[in-house]
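One file, data_38.pdb, carrying PDB, C-alpha atoms (C1' of nucleotides):
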MODEL        1
ATOM      1  CA  MET A   1      19.893  11.851   3.257
ATOM      2  CA  LYS A   2      21.392  11.959  -0.220
ATOM      3  CA  ILE A   3      20.882  10.692  -3.711
ATOM      4  CA  HIS A   4      22.093   7.120  -3.740
ATOM      5  CA  SER A   5      20.705   5.549  -6.864
ATOM      6  CA  PHE A   6      21.016   6.162 -10.568
ATOM      7  CA  LYS A   7      18.210   4.632 -12.648
ATOM      8  CA  THR A   8      19.241   3.200 -15.979
ATOM      9  CA  ASN A   9      15.714   2.835 -17.296
ATOM     10  CA  GLU A  10      14.775   6.484 -16.931
ATOM     11  CA  SER A  11      16.137   9.705 -18.329
ATOM     12  CA  GLY A  12      16.975  13.193 -17.166
ATOM     13  CA  LEU A  13      16.073  14.101 -13.636
ATOM     14  CA  ASN A  14      13.988  10.932 -13.361
ATOM     15  CA  ARG A  15      17.283   9.078 -13.088
ATOM     16  CA  PHE A  16      17.784  10.617  -9.646
ATOM     17  CA  PHE A  17      14.263  11.321  -8.452
ATOM     18  CA  GLY A  18      10.784   9.876  -8.452
ATOM     19  CA  PRO A  19       8.524  11.302 -11.180
ATOM     20  CA  LEU A  20       6.807  13.874  -8.978
ATOM     21  CA  GLU A  21      10.049  14.770  -7.257
ATOM     22  CA  ALA A  22      11.646  15.295 -10.645
ATOM     23  CA  LYS A  23       8.861  17.622 -11.815
ATOM     24  CA  ILE A  24       9.178  19.646  -8.635
ATOM     25  CA  MET A  25      12.950  19.936  -8.928
ATOM     26  CA  HIS A  26      12.537  20.933 -12.556
ATOM     27  CA  ILE A  27      10.193  23.741 -11.562
ATOM     28  CA  LEU A  28      12.431  24.958  -8.753
ATOM     29  CA  TRP A  29      15.513  24.860 -10.969
ATOM     30  CA  ASN A  30      13.784  26.856 -13.665
ATOM     31  CA  GLY A  31      12.268  29.542 -11.507
ATOM     32  CA  PRO A  32      12.794  31.637  -8.413
ATOM     33  CA  GLU A  33      12.431  30.650  -4.791
ATOM     34  CA  MET A  34       8.853  29.509  -4.426
ATOM     35  CA  ALA A  35       6.135  28.607  -1.951
ATOM     36  CA  ILE A  36       4.367  25.254  -2.081
ATOM     37  CA  LYS A  37       1.294  26.925  -3.535
ATOM     38  CA  ASP A  38       3.332  28.257  -6.435
ATOM     39  CA  VAL A  39       4.766  24.859  -7.214
ATOM     40  CA  GLN A  40       1.331  23.328  -6.953
ATOM     41  CA  ALA A  41      -0.001  25.923  -9.383
ATOM     42  CA  ARG A  42       2.701  25.073 -11.924
ATOM     43  CA  LEU A  43       2.066  21.350 -11.556
ATOM     44  CA  ALA A  44      -1.682  21.863 -11.812
ATOM     45  CA  LYS A  45      -1.301  23.242 -15.319
ATOM     46  CA  GLU A  46      -0.706  19.698 -16.475
ATOM     47  CA  GLN A  47      -2.747  17.789 -13.976
ATOM     48  CA  ALA A  48      -4.691  18.690 -10.859
ATOM     49  CA  ILE A  49      -2.714  17.827  -7.749
ATOM     50  CA  ASN A  50      -3.407  18.031  -4.039
ATOM     51  CA  PHE A  51      -1.640  20.737  -2.066
ATOM     52  CA  ASN A  52      -0.655  18.318   0.679
ATOM     53  CA  THR A  53       0.862  15.913  -1.804
ATOM     54  CA  VAL A  54       3.130  18.635  -3.088
ATOM     55  CA  MET A  55       3.983  19.698   0.447
ATOM     56  CA  THR A  56       4.869  16.188   1.567
ATOM     57  CA  VAL A  57       7.135  15.551  -1.373
ATOM     58  CA  MET A  58       8.799  18.943  -1.076
ATOM     59  CA  ASN A  59       9.482  18.376   2.606
ATOM     60  CA  ARG A  60      10.985  15.014   1.774
ATOM     61  CA  LEU A  61      13.245  16.742  -0.713
ATOM     62  CA  VAL A  62      14.309  19.058   2.099
ATOM     63  CA  ASP A  63      15.082  16.010   4.245
ATOM     64  CA  LYS A  64      17.165  14.652   1.399
ATOM     65  CA  GLY A  65      19.139  17.861   1.342
ATOM     66  CA  VAL A  66      18.308  18.867  -2.222
ATOM     67  CA  LEU A  67      15.872  21.626  -1.276
ATOM     68  CA  ARG A  68      16.278  24.357   1.296
ATOM     69  CA  LYS A  69      13.265  25.729   3.160
ATOM     70  CA  ARG A  70      13.141  29.292   4.419
ATOM     71  CA  ALA A  71      10.361  30.820   6.500
ATOM     72  CA  GLN A  72       8.974  34.017   5.016
ATOM     73  CA  GLY A  73       6.300  35.190   7.415
ATOM     74  CA  ARG A  74       3.555  32.579   7.300
ATOM     75  CA  VAL A  75       4.742  30.813   4.212
ATOM     76  CA  SER A  76       7.830  28.770   3.547
ATOM     77  CA  LEU A  77       9.898  29.425   0.462
ATOM     78  CA  PHE A  78      11.818  26.633  -1.203
ATOM     79  CA  GLN A  79      14.807  26.549  -3.473
ATOM     80  CA  PRO A  80      17.383  23.960  -4.491
ATOM     81  CA  THR A  81      20.502  23.788  -2.340
ATOM     82  CA  GLN A  82      22.575  23.497  -5.500
ATOM     83  CA  SER A  83      22.107  24.937  -8.960
ATOM     84  CA  LEU A  84      21.178  22.414 -11.612
ATOM     85  CA  GLU A  85      24.671  22.773 -13.017
ATOM     86  CA  GLN A  86      26.262  22.069  -9.662
ATOM     87  CA  PHE A  87      23.963  19.155  -9.101
ATOM     88  CA  LEU A  88      24.777  17.557 -12.427
ATOM     89  CA  GLU A  89      28.422  18.303 -11.864
ATOM     90  CA  THR A  90      28.362  16.597  -8.501
ATOM     91  CA  GLN A  91      26.391  13.625  -9.718
ATOM     92  CA  SER A  92      28.390  13.054 -12.867
ATOM     93  CA  LYS A  93      31.620  13.285 -10.920
ATOM     94  CA  GLU A  94      30.454  10.816  -8.331
ATOM     95  CA  LEU A  95      29.131   8.437 -10.958
ATOM     96  CA  THR A  96      32.283   8.676 -13.009
ATOM     97  CA  ASN A  97      34.378   7.905  -9.958
ATOM     98  CA  ASP A  98      32.152   5.042  -8.930
ATOM     99  CA  LEU A  99      32.213   3.605 -12.404
ATOM    100  CA  LEU A 100      35.979   3.621 -12.642
ATOM    101  CA  GLU A 101      36.344   2.337  -9.131
ATOM    102  CA  GLU A 102      33.978  -0.495  -9.893
ATOM    103  CA  PHE A 103      34.955  -1.375 -13.433
ATOM    104  CA  GLY A 104      38.267   0.287 -14.235
ATOM    105  CA  PRO A 105      39.589  -1.088 -17.526
ATOM    106  CA  LEU A 106      36.166  -2.227 -18.681
ATOM    107  CA  VAL A 107      34.921   1.324 -18.717
ATOM    108  CA  VAL A 108      37.916   2.553 -20.638
ATOM    109  CA  ASN A 109      37.125  -0.009 -23.273
ATOM    110  CA  HIS A 110      33.565   1.186 -23.581
ATOM    111  CA  MET A 111      34.375   4.839 -23.305
ATOM    112  CA  LEU A 112      35.422   5.363 -26.877
ATOM    113  CA  ASP A 113      32.515   3.469 -28.359
ATOM    114  CA  ALA A 114      30.158   5.371 -26.141
ATOM    115  CA  LEU A 115      31.809   8.658 -27.042
ATOM    116  CA  GLU A 116      31.441   7.940 -30.729
ATOM    117  CA  GLU A 117      27.776   7.243 -30.337
ATOM    118  CA  ALA A 118      27.062  10.159 -28.052
ATOM    119  CA  ASP A 119      29.108  12.813 -29.821
ATOM    120  CA  PRO A 120      32.342  12.259 -31.735
ATOM    121  CA  ALA A 121      33.481  15.767 -30.893
ATOM    122  CA  LEU A 122      33.871  14.628 -27.319
ATOM    123  CA  ILE A 123      36.703  12.354 -28.367
ATOM    124  CA  GLU A 124      38.624  15.430 -29.455
ATOM    125  CA  GLN A 125      37.917  17.064 -26.147
ATOM    126  CA  LEU A 126      39.203  14.021 -24.348
ATOM    127  CA  GLU A 127      42.378  13.864 -26.375
ATOM    128  CA  GLN A 128      43.061  17.522 -25.695
ATOM    129  CA  LYS A 129      42.770  16.850 -22.021
ATOM    130  CA  ILE A 130      45.141  13.927 -22.177
ATOM    131  CA  GLN A 131      47.725  16.000 -24.017
ATOM    132  CA  ALA A 132      47.360  18.809 -21.531
ATOM    133  CA  LEU A 133      47.871  16.383 -18.721
ATOM    134  CA  LYS A 134      51.020  14.969 -20.297
ATOM    135  CA  LYS A 135      52.588  18.410 -20.641
ATOM    136  CA  GLU A 136      52.124  19.011 -16.970
ATOM    137  CA  ARG A 137      54.495  16.240 -16.168
TER     138      ARG A 137
ATOM    139  CA  MET B   1      12.754  -7.786 -15.528
ATOM    140  CA  LYS B   2      16.217  -6.276 -15.552
ATOM    141  CA  ILE B   3      18.661  -4.374 -13.416
ATOM    142  CA  HIS B   4      17.622  -0.753 -13.520
ATOM    143  CA  SER B   5      19.402   0.931 -10.677
ATOM    144  CA  PHE B   6      23.011   1.533  -9.760
ATOM    145  CA  LYS B   7      23.582   2.385  -6.108
ATOM    146  CA  THR B   8      26.251   4.975  -5.432
ATOM    147  CA  ASN B   9      26.413   4.310  -1.711
ATOM    148  CA  GLU B  10      27.286   0.633  -2.006
ATOM    149  CA  SER B  11      30.101  -1.297  -3.596
ATOM    150  CA  GLY B  12      30.613  -4.383  -5.702
ATOM    151  CA  LEU B  13      27.596  -6.504  -6.427
ATOM    152  CA  ASN B  14      25.638  -4.596  -3.804
ATOM    153  CA  ARG B  15      25.476  -1.764  -6.322
ATOM    154  CA  PHE B  16      23.122  -3.873  -8.424
ATOM    155  CA  PHE B  17      21.495  -6.180  -5.902
ATOM    156  CA  GLY B  18      20.127  -6.246  -2.396
ATOM    157  CA  PRO B  19      22.582  -7.622   0.181
ATOM    158  CA  LEU B  20      21.174 -11.159   0.220
ATOM    159  CA  GLU B  21      20.744 -11.185  -3.533
ATOM    160  CA  ALA B  22      24.349 -10.106  -3.880
ATOM    161  CA  LYS B  23      25.616 -12.897  -1.639
ATOM    162  CA  ILE B  24      23.626 -15.431  -3.611
ATOM    163  CA  MET B  25      24.908 -14.161  -6.942
ATOM    164  CA  HIS B  26      28.429 -14.193  -5.565
ATOM    165  CA  ILE B  27      28.052 -17.844  -4.604
ATOM    166  CA  LEU B  28      26.553 -18.837  -7.941
ATOM    167  CA  TRP B  29      29.218 -16.954  -9.855
ATOM    168  CA  ASN B  30      31.974 -18.640  -7.907
ATOM    169  CA  GLY B  31      30.729 -22.186  -8.080
ATOM    170  CA  PRO B  32      28.886 -24.690 -10.247
ATOM    171  CA  GLU B  33      25.197 -24.950 -10.970
ATOM    172  CA  MET B  34      23.563 -25.415  -7.586
ATOM    173  CA  ALA B  35      20.351 -26.332  -5.811
ATOM    174  CA  ILE B  36      18.766 -24.029  -3.259
ATOM    175  CA  LYS B  37      19.954 -26.282  -0.465
ATOM    176  CA  ASP B  38      23.551 -25.892  -1.606
ATOM    177  CA  VAL B  39      23.292 -22.134  -1.643
ATOM    178  CA  GLN B  40      21.644 -22.181   1.725
ATOM    179  CA  ALA B  41      24.476 -24.327   3.083
ATOM    180  CA  ARG B  42      27.076 -21.831   1.824
ATOM    181  CA  LEU B  43      25.177 -18.900   3.297
ATOM    182  CA  ALA B  44      24.695 -20.724   6.576
ATOM    183  CA  LYS B  45      28.445 -20.829   7.103
ATOM    184  CA  GLU B  46      28.271 -17.165   7.979
ATOM    185  CA  GLN B  47      24.812 -16.957   9.423
ATOM    186  CA  ALA B  48      21.901 -19.357   9.785
ATOM    187  CA  ILE B  49      19.282 -18.692   7.150
ATOM    188  CA  ASN B  50      15.887 -20.182   6.366
ATOM    189  CA  PHE B  51      15.598 -22.403   3.307
ATOM    190  CA  ASN B  52      12.463 -20.647   2.139
ATOM    191  CA  THR B  53      14.095 -17.267   2.374
ATOM    192  CA  VAL B  54      16.830 -18.413   0.043
ATOM    193  CA  MET B  55      14.302 -19.983  -2.286
ATOM    194  CA  THR B  56      12.161 -16.872  -2.500
ATOM    195  CA  VAL B  57      15.075 -14.628  -3.280
ATOM    196  CA  MET B  58      16.492 -17.058  -5.822
ATOM    197  CA  ASN B  59      13.165 -17.317  -7.597
ATOM    198  CA  ARG B  60      12.970 -13.539  -7.710
ATOM    199  CA  LEU B  61      16.395 -13.498  -9.287
ATOM    200  CA  VAL B  62      15.046 -15.902 -11.894
ATOM    201  CA  ASP B  63      12.135 -13.512 -12.511
ATOM    202  CA  LYS B  64      14.643 -10.717 -12.958
ATOM    203  CA  GLY B  65      16.426 -12.767 -15.575
ATOM    204  CA  VAL B  66      19.788 -12.985 -13.840
ATOM    205  CA  LEU B  67      19.418 -16.616 -12.780
ATOM    206  CA  ARG B  68      18.266 -19.571 -14.824
ATOM    207  CA  LYS B  69      16.378 -22.457 -13.202
ATOM    208  CA  ARG B  70      16.610 -25.980 -14.530
ATOM    209  CA  ALA B  71      14.661 -28.964 -13.251
ATOM    210  CA  GLN B  72      16.847 -31.907 -12.398
ATOM    211  CA  GLY B  73      14.509 -34.629 -11.203
ATOM    212  CA  ARG B  74      12.935 -33.338  -8.023
ATOM    213  CA  VAL B  75      15.357 -30.515  -7.442
ATOM    214  CA  SER B  76      15.921 -27.322  -9.356
ATOM    215  CA  LEU B  77      19.399 -26.257 -10.256
ATOM    216  CA  PHE B  78      20.300 -22.613 -10.592
ATOM    217  CA  GLN B  79      23.015 -20.771 -12.411
ATOM    218  CA  PRO B  80      23.549 -17.220 -13.623
ATOM    219  CA  THR B  81      22.310 -16.463 -17.129
ATOM    220  CA  GLN B  82      25.528 -14.559 -17.748
ATOM    221  CA  SER B  83      29.047 -15.050 -16.492
ATOM    222  CA  LEU B  84      30.221 -12.458 -14.005
ATOM    223  CA  GLU B  85      32.462 -11.058 -16.716
ATOM    224  CA  GLN B  86      29.575 -10.739 -19.146
ATOM    225  CA  PHE B  87      27.403  -9.209 -16.501
ATOM    226  CA  LEU B  88      29.968  -6.581 -15.560
ATOM    227  CA  GLU B  89      30.635  -6.001 -19.232
ATOM    228  CA  THR B  90      26.950  -5.436 -19.905
ATOM    229  CA  GLN B  91      26.435  -3.224 -16.898
ATOM    230  CA  SER B  92      29.509  -1.104 -17.382
ATOM    231  CA  LYS B  93      28.638  -0.610 -21.029
ATOM    232  CA  GLU B  94      25.117   0.415 -20.247
ATOM    233  CA  LEU B  95      26.226   2.730 -17.474
ATOM    234  CA  THR B  96      28.917   4.286 -19.612
ATOM    235  CA  ASN B  97      26.396   4.930 -22.362
ATOM    236  CA  ASP B  98      23.846   6.329 -19.957
ATOM    237  CA  LEU B  99      26.412   8.564 -18.358
ATOM    238  CA  LEU B 100      27.544  10.059 -21.634
ATOM    239  CA  GLU B 101      24.020  10.370 -22.885
ATOM    240  CA  GLU B 102      23.032  12.177 -19.744
ATOM    241  CA  PHE B 103      26.086  14.294 -19.078
ATOM    242  CA  GLY B 104      28.247  14.321 -22.198
ATOM    243  CA  PRO B 105      31.017  16.875 -21.806
ATOM    244  CA  LEU B 106      30.773  16.903 -18.026
ATOM    245  CA  VAL B 107      31.833  13.292 -17.862
ATOM    246  CA  VAL B 108      34.740  13.837 -20.196
ATOM    247  CA  ASN B 109      35.942  16.528 -17.835
ATOM    248  CA  HIS B 110      35.788  14.211 -14.865
ATOM    249  CA  MET B 111      37.127  11.218 -16.676
ATOM    250  CA  LEU B 112      40.771  12.089 -16.506
ATOM    251  CA  ASP B 113      40.693  13.088 -12.858
ATOM    252  CA  ALA B 114      38.888   9.901 -12.048
ATOM    253  CA  LEU B 115      41.324   7.879 -14.113
ATOM    254  CA  GLU B 116      44.276   9.356 -12.306
ATOM    255  CA  GLU B 117      42.827   8.519  -8.950
ATOM    256  CA  ALA B 118      41.731   5.042  -9.891
ATOM    257  CA  ASP B 119      44.809   3.913 -11.812
ATOM    258  CA  PRO B 120      47.102   6.122 -13.878
ATOM    259  CA  ALA B 121      47.870   3.217 -16.190
ATOM    260  CA  LEU B 122      44.318   3.458 -17.442
ATOM    261  CA  ILE B 123      45.101   6.810 -18.983
ATOM    262  CA  GLU B 124      47.671   5.101 -21.153
ATOM    263  CA  GLN B 125      45.148   2.489 -22.137
ATOM    264  CA  LEU B 126      42.729   5.207 -23.105
ATOM    265  CA  GLU B 127      45.252   7.051 -25.183
ATOM    266  CA  GLN B 128      46.198   3.889 -27.017
ATOM    267  CA  LYS B 129      42.587   3.387 -27.907
ATOM    268  CA  ILE B 130      42.210   6.903 -29.179
ATOM    269  CA  GLN B 131      45.265   6.532 -31.379
ATOM    270  CA  ALA B 132      44.034   3.209 -32.687
ATOM    271  CA  LEU B 133      40.721   4.773 -33.538
ATOM    272  CA  LYS B 134      42.357   7.626 -35.405
ATOM    273  CA  LYS B 135      44.396   5.273 -37.581
ATOM    274  CA  GLU B 136      41.262   3.510 -38.646
ATOM    275  CA  ARG B 137      40.058   6.596 -40.389
TER     276      ARG B 137
ATOM    277  C1'  DA C   1     -14.250  35.499  18.898
ATOM    278  C1'  DC C   2     -13.882  33.292  14.689
ATOM    279  C1'  DC C   3     -12.539  31.850  10.201
ATOM    280  C1'  DT C   4      -9.172  30.826   6.924
ATOM    281  C1'  DC C   5      -4.885  29.404   5.189
ATOM    282  C1'  DA C   6      -0.451  27.406   5.493
ATOM    283  C1'  DC C   7       1.793  24.039   7.652
ATOM    284  C1'  DA C   8       2.342  19.561  10.532
ATOM    285  C1'  DC C   9       1.099  15.009  11.399
ATOM    286  C1'  DT C  10      -0.518  10.742  10.158
ATOM    287  C1'  DA C  11      -1.840   7.190   7.286
ATOM    288  C1'  DC C  12      -2.569   4.421   3.206
ATOM    289  C1'  DC C  13      -1.006   2.525  -1.402
ATOM    290  C1'  DT C  14       2.465   0.384  -4.517
ATOM    291  C1'  DA C  15       6.995  -1.641  -5.332
ATOM    292  C1'  DT C  16      11.328  -3.754  -3.779
ATOM    293  C1'  DT C  17      13.822  -6.695  -0.725
ATOM    294  C1'  DG C  18      14.371  -9.757   3.321
ATOM    295  C1'  DT C  19      12.052 -13.018   6.071
ATOM    296  C1'  DA C  20       9.489 -17.096   7.075
ATOM    297  C1'  DA C  21       5.094 -19.950   8.004
ATOM    298  C1'  DT C  22       1.962 -22.905   5.759
ATOM    299  C1'  DG C  23       0.445 -25.922   1.920
ATOM    300  C1'  DT C  24       1.323 -29.320  -1.778
ATOM    301  C1'  DT C  25       3.454 -33.040  -4.208
ATOM    302  C1'  DC C  26       5.843 -37.115  -4.950
ATOM    303  C1'  DA C  27       9.518 -40.680  -4.339
ATOM    304  C1'  DC C  28      10.842 -44.071  -1.416
ATOM    305  C1'  DA C  29      10.735 -46.875   2.783
ATOM    306  C1'  DA C  30       8.371 -49.642   6.090
TER     307       DA C  30
ATOM    308  C1'  DT D   1      -0.329 -49.482   0.935
ATOM    309  C1'  DT D   2       0.502 -46.020   3.614
ATOM    310  C1'  DG D   3       3.160 -42.517   5.503
ATOM    311  C1'  DT D   4       7.142 -39.666   6.008
ATOM    312  C1'  DG D   5      10.248 -36.299   4.443
ATOM    313  C1'  DA D   6      12.362 -33.391   1.025
ATOM    314  C1'  DA D   7      11.676 -29.931  -2.334
ATOM    315  C1'  DC D   8       8.919 -26.765  -4.138
ATOM    316  C1'  DA D   9       4.760 -23.365  -4.266
ATOM    317  C1'  DT D  10       1.897 -20.112  -2.050
ATOM    318  C1'  DT D  11       1.118 -16.598   0.942
ATOM    319  C1'  DA D  12       2.133 -13.074   4.029
ATOM    320  C1'  DC D  13       4.477  -9.716   6.910
ATOM    321  C1'  DA D  14       8.180  -6.118   7.802
ATOM    322  C1'  DA D  15      10.975  -2.163   6.166
ATOM    323  C1'  DT D  16      11.990   1.444   2.937
ATOM    324  C1'  DA D  17      10.966   4.736  -0.875
ATOM    325  C1'  DG D  18       7.780   7.387  -3.175
ATOM    326  C1'  DG D  19       2.941   9.108  -4.343
ATOM    327  C1'  DT D  20      -1.401  10.473  -2.398
ATOM    328  C1'  DA D  21      -4.339  12.740   0.666
ATOM    329  C1'  DG D  22      -7.266  13.341   5.203
ATOM    330  C1'  DT D  23      -7.238  15.480   9.553
ATOM    331  C1'  DG D  24      -5.185  18.491  13.138
ATOM    332  C1'  DT D  25      -3.083  22.919  14.679
ATOM    333  C1'  DG D  26      -1.853  27.574  15.064
ATOM    334  C1'  DA D  27      -1.484  32.414  13.862
ATOM    335  C1'  DG D  28      -3.387  36.607  11.382
ATOM    336  C1'  DG D  29      -6.878  39.257   9.796
ATOM    337  C1'  DT D  30     -11.619  40.465  10.318
TER     338       DT D  30
ENDMDL
END

Reformat the file's structure so that it appears as C-alpha cells.
Amino acid sequence: MKIHSFKTNESGLNRFFGPLEAKIMHILWNGPEMAIKDVQARLAKEQAINFNTVMTVMNRLVDKGVLRKRAQGRVSLFQPTQSLEQFLETQSKELTNDLLEEFGPLVVNHMLDALEEADPALIEQLEQKIQALKKER
Amino acid sequence: MKIHSFKTNESGLNRFFGPLEAKIMHILWNGPEMAIKDVQARLAKEQAINFNTVMTVMNRLVDKGVLRKRAQGRVSLFQPTQSLEQFLETQSKELTNDLLEEFGPLVVNHMLDALEEADPALIEQLEQKIQALKKER
DNA sequence: ACCTCACACTACCTATTGTAATGTTCACAA
DNA sequence: TTGTGAACATTACAATAGGTAGTGTGAGGT
C-alpha cells in the first residue's frame, strides 16, 4: 500500500494520514525506534487511548509501508521507513509532478501568485534555478 | 460540501471524483443541461446501468455543490455549477497554494525538474511571468 | 503449573462511493 | 374516474478507509 490521497482541507501530516495515524507518525518521526507501549504512553499524555487501538493503527501503517516493524525479543519496535524529510521530499515531488501533468500551464499561472503569498523569497530561489538551468545548455 | 482530496494514483477527473462520478461529470461537462435519463442513456452506451444508481450519484454531486439541479416540469435538469475550465482553475489554484503552504522551498526545487519533464515550453512561460512581475515593481 | 504481557485476530462504527429495490406522486390516457 | 407509467424520493446494502476495542494465543518468568 502507499499514500494515494492529499487532503486539501487539512494541514500538515493530516493531509496524508488520518488524525490518529498522523499523531503516531509525528511521535515516531520525533523520537527513537519505539514499542507500541511507548507510543501509547506519549498519546495518553493528551488523551487516554487503548493499547489495541494504537497497535491496530500502527500495524496498518506497517502495511502501508510507512512504518517498519522489528522484533526485539518479545516486543516489536517501530520506526518510519523514511525520515520525515525524505517523506516530504517524496510526497512534494510526486504532487508537483502530478500537478503539472494534470494542469500544466494552469499551474504555472498560479505559481507566481502562490509564491508571492507563501514567501516572496521563493520567487528569487526559483529565478536562480531557471538561470542555472539556462547556463547548462 | 466540497472537493477535499486529490488522488495521486488516479488521473484526470478521477483524481477528484469516484469513477462513476467522474464519468457523469465528464458527460455533463461535454454536453448541455441534462436529465438523469439522458445521462443514464450516455452511460449505458458503454455498460448497462440502473437509473436509480445514476440518480443517487447525481444527487450526491448536487449535495457536494458541483452539480446544480433545476426543476423543469416533472423532470430535473442537471448541469455543473462551474465550467470544466473554472473547475480546473479553482482546483489547480487551491492545490498550488496548498502545496506551497505545506512544502515551500521543496516544491520550488522540484518545480523545474517537473516542468522539464512535463513540457519544457512551460519553463519559458514561467520565466516570462517572473520578468513581468519584476517590471511591475 | 500458572499468570501476565505483548501481540494477533476479529469485529464494530462512521464516512465515502457504487449499487439497486421499494415507495410516492402526478400527468395523461382509456 | 381510474389506472398506468415515468420521474423522483427513500432506504438499504456492499466495499474501503480509518478509529476503536474485545477476545484469543503464546512465551517467559515465577

- Item | Neighbours of chain D in chain A at 9 Å, counting all atoms listed in the file, as number ranges by chain | A: 18-21, 50-53, 57, 74

- Distance criterion (all atoms listed in the file): nearest to Thr56 in chain B out of C:DC9, C:DA20, C:DA1, C:DC26: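 Among C:DC9, C:DA20, C:DA1, C:DC26, it is C:DA20 that comes nearest to Thr56 in chain B.
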
For the interface of chain A with chain B (cut-off 7 Å, counting only C-alpha atoms), please tabulate each contacting residue of chain A alongside its nearest pair of atoms and their separation in Å to one decimal, rows sorted by chain and increasing number, as a tab-separated table.
residue	atom	partner	partner_atom	distance
A:His4	CA	B:Thr8	CA	5.0
A:Ser5	CA	B:Lys7	CA	4.3
A:Phe6	CA	B:Phe6	CA	5.1
A:Lys7	CA	B:Ser5	CA	4.4
A:Thr8	CA	B:His4	CA	4.9
A:Asn9	CA	B:His4	CA	5.5
A:Gly12	CA	B:Glu102	CA	6.7
A:Glu89	CA	B:Leu106	CA	6.7
A:Ser92	CA	B:Val107	CA	6.1
A:Lys93	CA	B:His110	CA	5.8
A:Thr96	CA	B:Met111	CA	6.6
A:Asn97	CA	B:Ala114	CA	5.4
A:Asp98	CA	B:Thr8	CA	6.9
A:Leu100	CA	B:Ala118	CA	6.5
A:Glu101	CA	B:Ala118	CA	6.1
A:Glu102	CA	B:Gly12	CA	6.6
A:Phe103	CA	B:Ser92	CA	6.7
A:Pro105	CA	B:Leu122	CA	6.6
A:Leu106	CA	B:Glu89	CA	6.7
A:Val107	CA	B:Ser92	CA	6.1
A:Val108	CA	B:Leu126	CA	6.0
A:His110	CA	B:Lys93	CA	5.8
A:Met111	CA	B:Thr96	CA	6.6
A:Ala114	CA	B:Asn97	CA	5.4
A:Ala118	CA	B:Glu101	CA	6.0
A:Leu122	CA	B:Pro105	CA	6.6
A:Leu126	CA	B:Val108	CA	6.1

- Pick from A:Ile24, A:Pro120, A:Trp29, A:Ala71, whichever lies nearest to Leu84 in chain A using all atoms listed in the file: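 The shortest atom-to-atom distance to Leu84 in chain A comes from A:Trp29.
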
- Task: Please return, as an MDAnalysis selection string, all residues of chain C lying within 12 Å of chain A when all atoms listed in the file are considered.
- Result: chainID C and resid 5:10

- Message: Between CA of Val62 in chain B and CA of Pro80 in chain B, what distance in Å does the model show, to one decimal?
- Response: 8.8 Å

- Task: Please measure the separation of C1' of DT25 in chain C and CA of Leu67 in chain B, giving the value in Å to one decimal.
- Result: 24.5 Å

- Just give me the gap between CA of Val66 in chain B and CA of Gln82 in chain B in Å, one decimal is fine.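 Computed distance, CA of Val66 in chain B to CA of Gln82 in chain B, equals 7.1 Å.
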